[in-house]
Amino acid sequence: MEIQRPRGTRDFLFKEMKERKSVETTMRRIFETYGYSEIKTPIFEDLSLFTTKSGEGIKDEIYHFQDKGGRDLALRPELTAPVARMYIKELQKTPKPVKMYYFGSCFRYERPQKGRWRQFWQFGCELIGGKSPGSEAEVISMAAHCLEELGLKDFDIHIGNLGILRNILNDANILGKLQDQVMGIIDKGDVEELERLLQDIDLDNDSKELLMKLVEMKGDSSIIKDVEALINCNEHACNALFELEELLESLKAFGFSNYVVNLGIARGLDYYTGTVFEIYVHGLGAQKQISGGGTYNLIELFGGENVESTGFAFGFDRVMDALNKQEKSIEIERSVQVFVAPIKNDLKLKAFDIAQKLRKNGIPTDVDLVGKKLKKILSYADTMEINYVVLVGARDIEEGKVTVKDMTSGEQEIIDLEDIADTLKSKLMI
């Protein structure tokens with residue numbers, strides 16, 4: 001029987017893993033530059049964690065099962081809920097704001113297609129406590145900083161505030177699950193479906209017209225005044241609009257102005273409380289969204305304190321797709337820079353000894369383990385783009401020396417064995 005990998009999963013080989021590791025390392029560096037510390041949560045959690053957050057319907061979309069003790073568990077479909085659970089159990093007494101980031105695989109049971117996998121990776125953050133326009137601006141700026149550092153082009157960050165739409169719906173007495181349904185359809189961007197739903201729920205014409213105009217509004221910071229005139233300074237909606245205006249002012253102070261104000265961004269979940277944003281990359285088609293985030297109160301939903309969080313997650317696989325689509329050259333580190341080659345088989349133990357000393361000096365080193373001919377070793381080293389080959393010959397060893405071959409220039413140099421580590425470190429600038 002031929003064993004296949006599970007549907008909706010992938011194998012990553014050496015070059016691709018090096019590229020993914022390089023992007024991951026860049027993201028880690030940027031997040032930590034902003035004061036975020038890494039956390040890890042289990043790959044599986046109690047099923048109730050996700051049904052509490054998203055409703056019983058989520059069970060159709062995820063991997064869930066009973067363990068041998070009869071406990072209902074699920075492979076995590078996202079990382080926001082596990083982080084909230086961890087915060088409640090471990091971090092409620094920690095001084096705020098708490099700044100953390102995570103990177104890990106998630107699982108969804110859905111039909112695999114381009115850009116959508118059953119196992120995928122998320123790289124994201126949570127800033128818990130300390131809600132302010134400055135906090136939200138820092139999070140958005142950090143997301144942009146990551147993409148700029150990776151050299152990604154043609155991305156747009158769309159920013160909105162749910163309070164504007166929700167307060168208009170509140171005034172029209174569209175509340176609870178019905179309001180969430182309306183917001184969910186707005187989030188989908190299906191204008192025709194939205195019009196049908198608003199007609200079905202008998203929303204008054206003024207409110208319907210206002211809502212339809214708002215969800216179509218996009219532009220730079222100048223549209224704030226247009227929105228203010230349109231909503232006629234409805235008190236609560238205006239408060240949300242002023243929050244958005246303060247956020248844009250803070251973004252300017254953070255040196256970021258390449259955004260789109262988009263009031264059509266919505267969430268069909270009532271724990272989202274204000275700012276929302278999404279990041280799109282041109283050229284990715286239907287899977288153009290590579291990140292989404294905002295401000296929400298998920299911790300209280302799980303029985304914790306009333307504290308708001310601001311966070312976002314990159315769809316790591318989509319970021320990789322975007323970089324590859326743009327043919328962005330991803331800088332990768334060579335895993336091996338030196339190869340130790342015994343010229344004859346009876347020198348293999350000495351070659352092992354030299355290789356191990358180089359490794360313990362922090363020099364990435366490989367060594368011939370199976371007795372290859374020197375010609376094949378040099379061909380292999382050339383293919384693998386190894387910088388230097390240390391040739392271990394009988395006469396050199398008797399004199400306490402080895403020969404170092406520069407694989408780029410072809411030049412060879414005889415070096416004292418006791419100086420080999422320092423010499424190679426100098427050449428490799430380690």
# chains A, B, ... in the order shown; residues from 1 in each chain; ligands from 1
>>> residues_around(residues="region 42-56 of chain A", least_positions_apart="3", cutoff="12 Å", atoms="only C-alpha atoms", output="MDAnalysis selection string")
chainID A and resid 39 59:67 70:86 102:107 119 121 177 180 267:272 296:303
>>> write_last_selection(atoms="N, CA and C atoms", output="compact mmCIF listing (two decimals), in the first residue's frame")
# COMPACT_ATOMS: atom_id res chain seq x y z
N ILE A 39 5.21 33.32 23.21
CA ILE A 39 4.53 32.33 24.02
C ILE A 39 4.15 31.14 23.12
N LYS A 59 -17.96 23.41 14.84
CA LYS A 59 -17.58 22.00 14.85
C LYS A 59 -17.54 21.39 13.45
N ASP A 60 -18.34 21.95 12.54
CA ASP A 60 -18.33 21.45 11.16
C ASP A 60 -17.07 21.86 10.41
N GLU A 61 -16.32 22.81 10.95
CA GLU A 61 -15.19 23.39 10.23
C GLU A 61 -13.84 22.99 10.82
N ILE A 62 -13.84 22.23 11.91
CA ILE A 62 -12.58 21.94 12.59
C ILE A 62 -12.42 20.44 12.84
N TYR A 63 -11.22 20.06 13.23
CA TYR A 63 -10.95 18.69 13.64
C TYR A 63 -11.22 18.58 15.14
N HIS A 64 -12.22 17.77 15.52
CA HIS A 64 -12.48 17.56 16.94
C HIS A 64 -12.71 16.08 17.19
N PHE A 65 -12.45 15.66 18.42
CA PHE A 65 -12.46 14.24 18.73
C PHE A 65 -12.56 14.05 20.24
N GLN A 66 -12.82 12.83 20.65
CA GLN A 66 -12.76 12.46 22.07
C GLN A 66 -11.49 11.68 22.31
N ASP A 67 -10.79 12.02 23.40
CA ASP A 67 -9.60 11.24 23.74
C ASP A 67 -10.00 9.98 24.50
N GLY A 70 -12.51 10.24 27.20
CA GLY A 70 -13.83 10.75 26.88
C GLY A 70 -13.92 12.26 26.87
N ARG A 71 -12.79 12.95 26.88
CA ARG A 71 -12.79 14.42 26.86
C ARG A 71 -12.93 14.92 25.43
N ASP A 72 -13.76 15.95 25.24
CA ASP A 72 -13.96 16.54 23.91
C ASP A 72 -12.86 17.56 23.63
N LEU A 73 -12.04 17.27 22.64
CA LEU A 73 -10.89 18.11 22.30
C LEU A 73 -10.97 18.52 20.84
N ALA A 74 -10.14 19.52 20.48
CA ALA A 74 -10.09 19.98 19.09
C ALA A 74 -8.68 20.44 18.77
N LEU A 75 -8.25 20.15 17.54
CA LEU A 75 -7.03 20.79 17.04
C LEU A 75 -7.34 22.27 16.85
N ARG A 76 -6.45 23.12 17.31
CA ARG A 76 -6.76 24.55 17.29
C ARG A 76 -6.93 25.06 15.86
N PRO A 77 -8.04 25.77 15.58
CA PRO A 77 -8.23 26.36 14.25
C PRO A 77 -7.64 27.77 14.16
N GLU A 78 -7.28 28.35 15.28
CA GLU A 78 -6.66 29.68 15.34
C GLU A 78 -6.03 29.82 16.71
N LEU A 79 -5.34 30.94 16.94
CA LEU A 79 -4.56 31.05 18.18
C LEU A 79 -5.06 32.13 19.13
N THR A 80 -6.04 32.93 18.73
CA THR A 80 -6.53 33.99 19.62
C THR A 80 -7.20 33.42 20.86
N ALA A 81 -8.08 32.44 20.68
CA ALA A 81 -8.78 31.85 21.83
C ALA A 81 -7.81 31.15 22.79
N PRO A 82 -6.84 30.34 22.30
CA PRO A 82 -5.87 29.75 23.23
C PRO A 82 -5.07 30.79 24.01
N VAL A 83 -4.72 31.91 23.36
CA VAL A 83 -3.98 32.96 24.07
C VAL A 83 -4.85 33.57 25.17
N ALA A 84 -6.14 33.79 24.89
CA ALA A 84 -7.05 34.33 25.92
C ALA A 84 -7.17 33.35 27.08
N ARG A 85 -7.29 32.07 26.78
CA ARG A 85 -7.37 31.05 27.84
C ARG A 85 -6.11 31.05 28.69
N MET A 86 -4.96 31.14 28.05
CA MET A 86 -3.69 31.16 28.76
C MET A 86 -3.58 32.40 29.64
N TYR A 102 3.14 34.94 18.90
CA TYR A 102 3.10 33.49 18.76
C TYR A 102 3.33 33.11 17.30
N PHE A 103 3.80 31.89 17.12
CA PHE A 103 3.93 31.31 15.78
C PHE A 103 3.65 29.83 15.89
N GLY A 104 2.68 29.35 15.12
CA GLY A 104 2.36 27.94 15.21
C GLY A 104 1.39 27.50 14.15
N SER A 105 1.22 26.19 14.05
CA SER A 105 0.31 25.62 13.06
C SER A 105 -1.10 25.54 13.61
N CYS A 106 -2.07 25.68 12.71
CA CYS A 106 -3.49 25.58 13.03
C CYS A 106 -4.14 24.63 12.02
N PHE A 107 -5.38 24.24 12.31
CA PHE A 107 -6.02 23.21 11.51
C PHE A 107 -7.48 23.55 11.25
N GLN A 119 -3.83 22.22 7.18
CA GLN A 119 -2.84 22.63 8.17
C GLN A 119 -2.15 23.87 7.64
N TRP A 121 -0.17 27.92 8.99
CA TRP A 121 0.59 28.55 10.07
C TRP A 121 0.15 30.00 10.27
N LYS A 177 -28.04 38.81 17.68
CA LYS A 177 -27.59 37.92 16.60
C LYS A 177 -27.93 38.48 15.22
N ASP A 180 -25.24 40.82 14.38
CA ASP A 180 -24.05 40.07 14.00
C ASP A 180 -24.16 39.51 12.59
N ARG A 267 -16.94 42.69 11.34
CA ARG A 267 -16.81 41.37 11.95
C ARG A 267 -18.19 40.94 12.41
N GLY A 268 -18.54 39.68 12.19
CA GLY A 268 -19.84 39.19 12.62
C GLY A 268 -19.83 38.61 14.02
N LEU A 269 -18.87 39.05 14.83
CA LEU A 269 -18.72 38.54 16.19
C LEU A 269 -18.78 39.71 17.15
N ASP A 270 -19.63 39.61 18.18
CA ASP A 270 -19.91 40.78 18.99
C ASP A 270 -18.82 41.15 19.98
N TYR A 271 -17.77 40.32 20.10
CA TYR A 271 -16.70 40.69 21.03
C TYR A 271 -15.72 41.68 20.41
N TYR A 272 -15.80 41.90 19.10
CA TYR A 272 -15.02 42.98 18.49
C TYR A 272 -15.66 44.30 18.88
N TYR A 296 -10.70 43.82 20.60
CA TYR A 296 -11.82 42.97 21.01
C TYR A 296 -11.71 42.64 22.49
N ASN A 297 -12.83 42.17 23.04
CA ASN A 297 -12.87 41.72 24.43
C ASN A 297 -13.26 40.25 24.45
N LEU A 298 -12.27 39.40 24.23
CA LEU A 298 -12.51 37.96 24.21
C LEU A 298 -12.31 37.34 25.59
N ILE A 299 -11.49 37.97 26.40
CA ILE A 299 -11.15 37.41 27.71
C ILE A 299 -12.38 37.34 28.61
N GLU A 300 -13.20 38.38 28.59
CA GLU A 300 -14.41 38.38 29.40
C GLU A 300 -15.37 37.28 28.96
N LEU A 301 -15.40 36.99 27.67
CA LEU A 301 -16.27 35.93 27.13
C LEU A 301 -15.94 34.57 27.77
N PHE A 302 -14.67 34.37 28.13
CA PHE A 302 -14.25 33.11 28.73
C PHE A 302 -14.25 33.15 30.26
N GLY A 303 -14.86 34.19 30.83
CA GLY A 303 -14.97 34.27 32.28
C GLY A 303 -13.85 35.05 32.96
>>> select_by_dssp(residues="region 104-350 of chain A", states="strand (DSSP E or B)", output="PyMOL selection string")
chain A and resi 104-107+113+116+119-128+155-161+218-219+259-262+272-281+289-296+309-315+338-342
>>> closest_residue(among="A:Gly311, A:Ile3, A:Ile157, A:Glu148", to="Val98 (chain A)", atoms="only C-alpha atoms")
A:Gly311
>>> closest_atom_pairs(of="region 226-343 of chain A", to="region 26-35 of chain A", cutoff="12 Å", atoms="only C-alpha atoms", output="JSON lines")
{"residue": "A:Phe312", "atom": "CA", "partner": "A:Phe31", "partner_atom": "CA", "distance": 12.0}
{"residue": "A:Ala313", "atom": "CA", "partner": "A:Met27", "partner_atom": "CA", "distance": 11.5}
{"residue": "A:Phe314", "atom": "CA", "partner": "A:Met27", "partner_atom": "CA", "distance": 9.9}
{"residue": "A:Phe316", "atom": "CA", "partner": "A:Met27", "partner_atom": "CA", "distance": 10.1}
{"residue": "A:Val319", "atom": "CA", "partner": "A:Met27", "partner_atom": "CA", "distance": 11.1}
{"residue": "A:Ile330", "atom": "CA", "partner": "A:Thr26", "partner_atom": "CA", "distance": 10.7}
{"residue": "A:Glu331", "atom": "CA", "partner": "A:Thr26", "partner_atom": "CA", "distance": 10.4}
{"residue": "A:Ile332", "atom": "CA", "partner": "A:Thr26", "partner_atom": "CA", "distance": 11.2}
>>> write_last_selection(atoms="all heavy atoms", output="mmCIF file, in the first residue's frame")
data_model
loop_
_atom_site.group_PDB
_atom_site.id
_atom_site.type_symbol
_atom_site.label_atom_id
_atom_site.label_comp_id
_atom_site.auth_asym_id
_atom_site.auth_seq_id
_atom_site.Cartn_x
_atom_site.Cartn_y
_atom_site.Cartn_z
ATOM 1 N N PHE A 312 -3.354 40.907 15.898
ATOM 2 C CA PHE A 312 -3.544 40.503 14.518
ATOM 3 C C PHE A 312 -2.728 39.240 14.284
ATOM 4 O O PHE A 312 -1.862 38.873 15.093
ATOM 5 C CB PHE A 312 -3.102 41.599 13.538
ATOM 6 C CG PHE A 312 -1.606 41.754 13.426
ATOM 7 C CD1 PHE A 312 -0.893 41.097 12.435
ATOM 8 C CD2 PHE A 312 -0.910 42.556 14.320
ATOM 9 C CE1 PHE A 312 0.486 41.228 12.336
ATOM 10 C CE2 PHE A 312 0.467 42.706 14.231
ATOM 11 C CZ PHE A 312 1.170 42.037 13.236
ATOM 12 N N ALA A 313 -3.002 38.573 13.192
ATOM 13 C CA ALA A 313 -2.205 37.411 12.795
ATOM 14 C C ALA A 313 -1.949 37.453 11.304
ATOM 15 O O ALA A 313 -2.851 37.748 10.516
ATOM 16 C CB ALA A 313 -2.905 36.116 13.173
ATOM 17 N N PHE A 314 -0.702 37.190 10.925
ATOM 18 C CA PHE A 314 -0.380 36.971 9.528
ATOM 19 C C PHE A 314 -0.741 35.534 9.167
ATOM 20 O O PHE A 314 -0.420 34.600 9.916
ATOM 21 C CB PHE A 314 1.118 37.136 9.272
ATOM 22 C CG PHE A 314 1.604 38.562 9.256
ATOM 23 C CD1 PHE A 314 2.549 38.989 10.172
ATOM 24 C CD2 PHE A 314 1.130 39.468 8.319
ATOM 25 C CE1 PHE A 314 3.014 40.290 10.159
ATOM 26 C CE2 PHE A 314 1.592 40.775 8.296
ATOM 27 C CZ PHE A 314 2.536 41.190 9.220
ATOM 28 N N PHE A 316 0.750 33.023 7.593
ATOM 29 C CA PHE A 316 2.164 32.891 7.227
ATOM 30 C C PHE A 316 2.328 32.296 5.831
ATOM 31 O O PHE A 316 3.170 32.739 5.047
ATOM 32 C CB PHE A 316 2.881 32.021 8.260
ATOM 33 C CG PHE A 316 4.376 31.990 8.111
ATOM 34 C CD1 PHE A 316 5.160 33.015 8.595
ATOM 35 C CD2 PHE A 316 4.995 30.923 7.479
ATOM 36 C CE1 PHE A 316 6.546 32.993 8.449
ATOM 37 C CE2 PHE A 316 6.372 30.881 7.326
ATOM 38 C CZ PHE A 316 7.156 31.917 7.813
ATOM 39 N N VAL A 319 1.696 34.918 3.242
ATOM 40 C CA VAL A 319 2.845 35.829 3.130
ATOM 41 C C VAL A 319 3.912 35.191 2.244
ATOM 42 O O VAL A 319 4.477 35.848 1.355
ATOM 43 C CB VAL A 319 3.423 36.168 4.520
ATOM 44 C CG1 VAL A 319 4.719 36.955 4.385
ATOM 45 C CG2 VAL A 319 2.412 36.970 5.338
ATOM 46 N N ILE A 330 14.530 35.681 -1.200
ATOM 47 C CA ILE A 330 14.585 35.556 0.256
ATOM 48 C C ILE A 330 15.981 35.114 0.654
ATOM 49 O O ILE A 330 16.461 34.060 0.218
ATOM 50 C CB ILE A 330 13.540 34.547 0.762
ATOM 51 C CG1 ILE A 330 12.138 35.011 0.355
ATOM 52 C CG2 ILE A 330 13.633 34.377 2.274
ATOM 53 C CD1 ILE A 330 11.051 34.001 0.648
ATOM 54 N N GLU A 331 16.661 35.928 1.434
ATOM 55 C CA GLU A 331 18.022 35.609 1.849
ATOM 56 C C GLU A 331 18.012 34.435 2.820
ATOM 57 O O GLU A 331 17.314 34.451 3.826
ATOM 58 C CB GLU A 331 18.659 36.828 2.510
ATOM 59 C CG GLU A 331 20.125 36.635 2.849
ATOM 60 C CD GLU A 331 20.775 37.906 3.389
ATOM 61 O OE1 GLU A 331 20.240 39.001 3.123
ATOM 62 O OE2 GLU A 331 21.793 37.781 4.084
ATOM 63 N N ILE A 332 18.761 33.400 2.484
ATOM 64 C CA ILE A 332 18.829 32.232 3.365
ATOM 65 C C ILE A 332 20.267 31.979 3.778
ATOM 66 O O ILE A 332 21.208 32.247 3.030
ATOM 67 C CB ILE A 332 18.227 30.978 2.692
ATOM 68 C CG1 ILE A 332 18.966 30.635 1.407
ATOM 69 C CG2 ILE A 332 16.745 31.171 2.420
ATOM 70 C CD1 ILE A 332 18.477 29.364 0.739
#
>>> residues_around(residues="Tyr259 (chain A)", least_positions_apart="5", cutoff="10 Å", atoms="only C-alpha atoms", output="ChimeraX atom specification")
/A:140,144,155-159,219-221,248,251,277,279
>>> write_last_selection(atoms="N, CA and C atoms", output="PDB file, in the first residue's frame")
ATOM      1  N   ILE A 140      -0.570  48.193  14.263  1.00  0.00           N
ATOM      2  CA  ILE A 140      -0.679  48.316  12.802  1.00  0.00           C
ATOM      3  C   ILE A 140       0.667  48.673  12.187  1.00  0.00           C
ATOM      4  N   ALA A 144       2.990  46.589   9.337  1.00  0.00           N
ATOM      5  CA  ALA A 144       3.560  47.199   8.127  1.00  0.00           C
ATOM      6  C   ALA A 144       5.075  47.087   8.115  1.00  0.00           C
ATOM      7  N   PHE A 155       1.099  46.020  -1.094  1.00  0.00           N
ATOM      8  CA  PHE A 155       0.138  45.626  -0.063  1.00  0.00           C
ATOM      9  C   PHE A 155      -0.600  46.861   0.437  1.00  0.00           C
ATOM     10  N   ASP A 156      -1.859  46.653   0.800  1.00  0.00           N
ATOM     11  CA  ASP A 156      -2.700  47.731   1.316  1.00  0.00           C
ATOM     12  C   ASP A 156      -3.187  47.360   2.710  1.00  0.00           C
ATOM     13  N   ILE A 157      -3.151  48.320   3.620  1.00  0.00           N
ATOM     14  CA  ILE A 157      -3.724  48.127   4.950  1.00  0.00           C
ATOM     15  C   ILE A 157      -5.003  48.944   5.036  1.00  0.00           C
ATOM     16  N   HIS A 158      -6.132  48.251   5.190  1.00  0.00           N
ATOM     17  CA  HIS A 158      -7.444  48.889   5.285  1.00  0.00           C
ATOM     18  C   HIS A 158      -7.853  48.950   6.752  1.00  0.00           C
ATOM     19  N   ILE A 159      -8.294  50.121   7.198  1.00  0.00           N
ATOM     20  CA  ILE A 159      -8.607  50.356   8.602  1.00  0.00           C
ATOM     21  C   ILE A 159     -10.024  50.885   8.745  1.00  0.00           C
ATOM     22  N   GLY A 219     -11.028  55.615   1.457  1.00  0.00           N
ATOM     23  CA  GLY A 219     -10.190  56.748   1.095  1.00  0.00           C
ATOM     24  C   GLY A 219      -9.121  56.993   2.128  1.00  0.00           C
ATOM     25  N   ASP A 220      -8.505  58.175   2.071  1.00  0.00           N
ATOM     26  CA  ASP A 220      -7.498  58.532   3.064  1.00  0.00           C
ATOM     27  C   ASP A 220      -8.172  59.229   4.240  1.00  0.00           C
ATOM     28  N   SER A 221      -7.374  59.835   5.092  1.00  0.00           N
ATOM     29  CA  SER A 221      -7.912  60.433   6.318  1.00  0.00           C
ATOM     30  C   SER A 221      -8.917  61.543   6.045  1.00  0.00           C
ATOM     31  N   LEU A 248      -5.641  57.440  13.402  1.00  0.00           N
ATOM     32  CA  LEU A 248      -4.924  57.895  12.214  1.00  0.00           C
ATOM     33  C   LEU A 248      -3.870  58.934  12.573  1.00  0.00           C
ATOM     34  N   LEU A 251      -0.996  57.005  13.998  1.00  0.00           N
ATOM     35  CA  LEU A 251      -0.245  56.337  12.931  1.00  0.00           C
ATOM     36  C   LEU A 251       0.729  57.300  12.266  1.00  0.00           C
ATOM     37  N   PHE A 277      -8.721  46.018  11.189  1.00  0.00           N
ATOM     38  CA  PHE A 277      -7.912  46.273   9.993  1.00  0.00           C
ATOM     39  C   PHE A 277      -7.596  44.962   9.284  1.00  0.00           C
ATOM     40  N   ILE A 279      -5.096  43.363   5.813  1.00  0.00           N
ATOM     41  CA  ILE A 279      -3.993  43.626   4.893  1.00  0.00           C
ATOM     42  C   ILE A 279      -4.191  42.768   3.644  1.00  0.00           C
TER      43      ILE A 279
END
>>> residues_around(residues="region 388-400 of chain A", least_positions_apart="6", cutoff="7 Å", atoms="only C-alpha atoms", output="list in words")
Gln337, Val338, Phe339, Val340, Ala341, Pro342, Ile343, Ala351, Asp406, Met407, Asp416 and Leu417 of chain A
>>> write_last_selection(atoms="N, CA and C atoms", output="mmCIF file, in the first residue's frame")
data_model
loop_
_atom_site.group_PDB
_atom_site.id
_atom_site.type_symbol
_atom_site.label_atom_id
_atom_site.label_comp_id
_atom_site.auth_asym_id
_atom_site.auth_seq_id
_atom_site.Cartn_x
_atom_site.Cartn_y
_atom_site.Cartn_z
ATOM 1 N N GLN A 337 29.249 25.631 5.925
ATOM 2 C CA GLN A 337 30.203 26.517 5.253
ATOM 3 C C GLN A 337 31.569 25.874 5.033
ATOM 4 N N VAL A 338 31.806 24.776 5.762
ATOM 5 C CA VAL A 338 33.097 24.084 5.680
ATOM 6 C C VAL A 338 32.845 22.587 5.544
ATOM 7 N N PHE A 339 33.640 21.925 4.698
ATOM 8 C CA PHE A 339 33.556 20.471 4.579
ATOM 9 C C PHE A 339 34.952 19.899 4.831
ATOM 10 N N VAL A 340 35.037 18.924 5.715
ATOM 11 C CA VAL A 340 36.313 18.280 6.029
ATOM 12 C C VAL A 340 36.398 16.972 5.240
ATOM 13 N N ALA A 341 37.450 16.840 4.422
ATOM 14 C CA ALA A 341 37.567 15.697 3.502
ATOM 15 C C ALA A 341 38.871 14.942 3.744
ATOM 16 N N PRO A 342 38.798 13.710 4.269
ATOM 17 C CA PRO A 342 40.006 12.877 4.360
ATOM 18 C C PRO A 342 40.408 12.399 2.963
ATOM 19 N N ILE A 343 41.671 12.605 2.597
ATOM 20 C CA ILE A 343 42.099 12.209 1.253
ATOM 21 C C ILE A 343 42.139 10.697 1.122
ATOM 22 N N ALA A 351 39.794 13.212 10.427
ATOM 23 C CA ALA A 351 38.845 14.158 9.828
ATOM 24 C C ALA A 351 37.660 14.391 10.759
ATOM 25 N N ASP A 406 39.754 27.087 -1.082
ATOM 26 C CA ASP A 406 38.700 28.071 -1.287
ATOM 27 C C ASP A 406 37.902 27.634 -2.519
ATOM 28 N N MET A 407 36.622 27.275 -2.319
ATOM 29 C CA MET A 407 35.833 26.718 -3.407
ATOM 30 C C MET A 407 35.379 27.778 -4.418
ATOM 31 N N ASP A 416 48.457 25.699 9.813
ATOM 32 C CA ASP A 416 48.737 24.898 11.006
ATOM 33 C C ASP A 416 47.433 24.397 11.608
ATOM 34 N N LEU A 417 47.430 23.128 12.007
ATOM 35 C CA LEU A 417 46.206 22.511 12.529
ATOM 36 C C LEU A 417 45.673 23.258 13.746
#
>>> closest_residue(among="A:Glu19, A:Glu249, A:Glu126, A:Glu110", to="Arg7 (chain A)", atoms="only C-alpha atoms")
A:Glu110
>>> closest_residue(among="A:Gly130, A:Gly264, A:Ala143, A:Val367", to="Leu194 (chain A)", atoms="only C-alpha atoms")
A:Gly264
>>> residues_around(residues="Asp190 (chain A)", least_positions_apart="3", cutoff="12 Å", atoms="only C-alpha atoms", output="PyMOL selection string")
chain A and resi 182-187+193-197+212+215-216+264-266
>>> write_last_selection(atoms="N, CA and C atoms", output="compact mmCIF listing (two decimals), in the first residue's frame")
# COMPACT_ATOMS: atom_id res chain seq x y z
N VAL A 182 -25.89 40.86 10.10
CA VAL A 182 -25.69 41.99 9.19
C VAL A 182 -24.20 42.29 9.06
N MET A 183 -23.49 42.34 10.20
CA MET A 183 -22.06 42.65 10.17
C MET A 183 -21.28 41.58 9.43
N GLY A 184 -21.70 40.33 9.59
CA GLY A 184 -21.03 39.25 8.89
C GLY A 184 -21.15 39.38 7.38
N ILE A 185 -22.32 39.78 6.90
CA ILE A 185 -22.52 39.95 5.45
C ILE A 185 -21.74 41.16 4.94
N ILE A 186 -21.69 42.23 5.75
CA ILE A 186 -20.86 43.39 5.38
C ILE A 186 -19.40 42.96 5.24
N ASP A 187 -18.96 42.11 6.17
CA ASP A 187 -17.58 41.62 6.14
C ASP A 187 -17.29 40.83 4.87
N GLU A 193 -26.42 40.77 -1.27
CA GLU A 193 -26.96 40.00 -0.14
C GLU A 193 -27.31 40.93 1.01
N LEU A 194 -26.49 41.95 1.23
CA LEU A 194 -26.77 42.92 2.29
C LEU A 194 -28.08 43.65 2.01
N GLU A 195 -28.27 44.09 0.77
CA GLU A 195 -29.51 44.79 0.42
C GLU A 195 -30.73 43.90 0.66
N ARG A 196 -30.63 42.63 0.29
CA ARG A 196 -31.74 41.69 0.50
C ARG A 196 -32.05 41.52 1.98
N LEU A 197 -31.00 41.37 2.78
CA LEU A 197 -31.22 41.17 4.22
C LEU A 197 -31.84 42.41 4.85
N MET A 212 -25.72 51.63 3.60
CA MET A 212 -25.17 51.26 2.28
C MET A 212 -24.12 52.26 1.81
N VAL A 215 -20.73 51.61 4.03
CA VAL A 215 -19.92 50.42 3.74
C VAL A 215 -19.16 50.55 2.41
N GLU A 216 -19.56 51.52 1.61
CA GLU A 216 -18.88 51.74 0.33
C GLU A 216 -17.79 52.81 0.45
N GLY A 264 -16.18 49.57 5.29
CA GLY A 264 -16.82 48.31 4.95
C GLY A 264 -16.19 47.11 5.62
N ILE A 265 -15.12 47.31 6.40
CA ILE A 265 -14.54 46.19 7.16
C ILE A 265 -15.42 45.94 8.37
N ALA A 266 -15.81 44.72 8.55
CA ALA A 266 -16.71 44.39 9.67
C ALA A 266 -16.35 43.03 10.23
>>> atom_distance(atom1="CA of Trp117 (chain A)", atom2="CA of Thr9 (chain A)")
6.4 Å
>>> closest_residue(among="A:Leu214, A:Ile224, A:Ala237, A:Leu152", to="Asp171 (chain A)", atoms="only C-alpha atoms")
A:Ala237
>>> closest_atom_pairs(of="region 70-155 of chain A", to="region 252-258 of chain A", cutoff="8 Å", atoms="only C-alpha atoms", output="tab-separated table")
residue	atom	partner	partner_atom	distance
A:Ala137	CA	A:Phe254	CA	7.3
A:Glu138	CA	A:Phe254	CA	7.1
A:Ser141	CA	A:Phe256	CA	6.4
>>> write_last_selection(atoms="C-alpha atoms", output="PDB file, in the first residue's frame")
ATOM      1  CA  ALA A 137      -1.367  52.411  15.952  1.00  0.00           C
ATOM      2  CA  GLU A 138       1.722  50.588  17.210  1.00  0.00           C
ATOM      3  CA  SER A 141       2.723  49.968  12.331  1.00  0.00           C
TER       4      SER A 141
END
>>> decode(residues="region 176-182 of chain A", atoms="N, CA, C and O atoms", output="mmCIF file, in the first residue's frame")
data_model
loop_
_atom_site.group_PDB
_atom_site.id
_atom_site.type_symbol
_atom_site.label_atom_id
_atom_site.label_comp_id
_atom_site.auth_asym_id
_atom_site.auth_seq_id
_atom_site.Cartn_x
_atom_site.Cartn_y
_atom_site.Cartn_z
ATOM 1 N N GLY A 176 -28.295 42.214 18.760
ATOM 2 C CA GLY A 176 -27.984 40.823 19.031
ATOM 3 C C GLY A 176 -27.510 40.044 17.820
ATOM 4 O O GLY A 176 -26.702 40.517 17.011
ATOM 5 N N LYS A 177 -28.038 38.807 17.675
ATOM 6 C CA LYS A 177 -27.593 37.921 16.599
ATOM 7 C C LYS A 177 -27.932 38.477 15.222
ATOM 8 O O LYS A 177 -27.196 38.253 14.253
ATOM 9 N N LEU A 178 -29.034 39.202 15.130
ATOM 10 C CA LEU A 178 -29.399 39.798 13.846
ATOM 11 C C LEU A 178 -28.359 40.840 13.430
ATOM 12 O O LEU A 178 -27.963 40.914 12.268
ATOM 13 N N GLN A 179 -27.913 41.624 14.402
ATOM 14 C CA GLN A 179 -26.869 42.607 14.097
ATOM 15 C C GLN A 179 -25.586 41.903 13.676
ATOM 16 O O GLN A 179 -24.919 42.333 12.720
ATOM 17 N N ASP A 180 -25.244 40.821 14.382
ATOM 18 C CA ASP A 180 -24.045 40.071 14.002
ATOM 19 C C ASP A 180 -24.162 39.514 12.592
ATOM 20 O O ASP A 180 -23.185 39.480 11.833
ATOM 21 N N GLN A 181 -25.377 39.093 12.210
ATOM 22 C CA GLN A 181 -25.600 38.577 10.862
ATOM 23 C C GLN A 181 -25.378 39.672 9.825
ATOM 24 O O GLN A 181 -24.735 39.440 8.788
ATOM 25 N N VAL A 182 -25.889 40.860 10.103
ATOM 26 C CA VAL A 182 -25.686 41.991 9.189
ATOM 27 C C VAL A 182 -24.197 42.293 9.060
ATOM 28 O O VAL A 182 -23.672 42.457 7.943
#
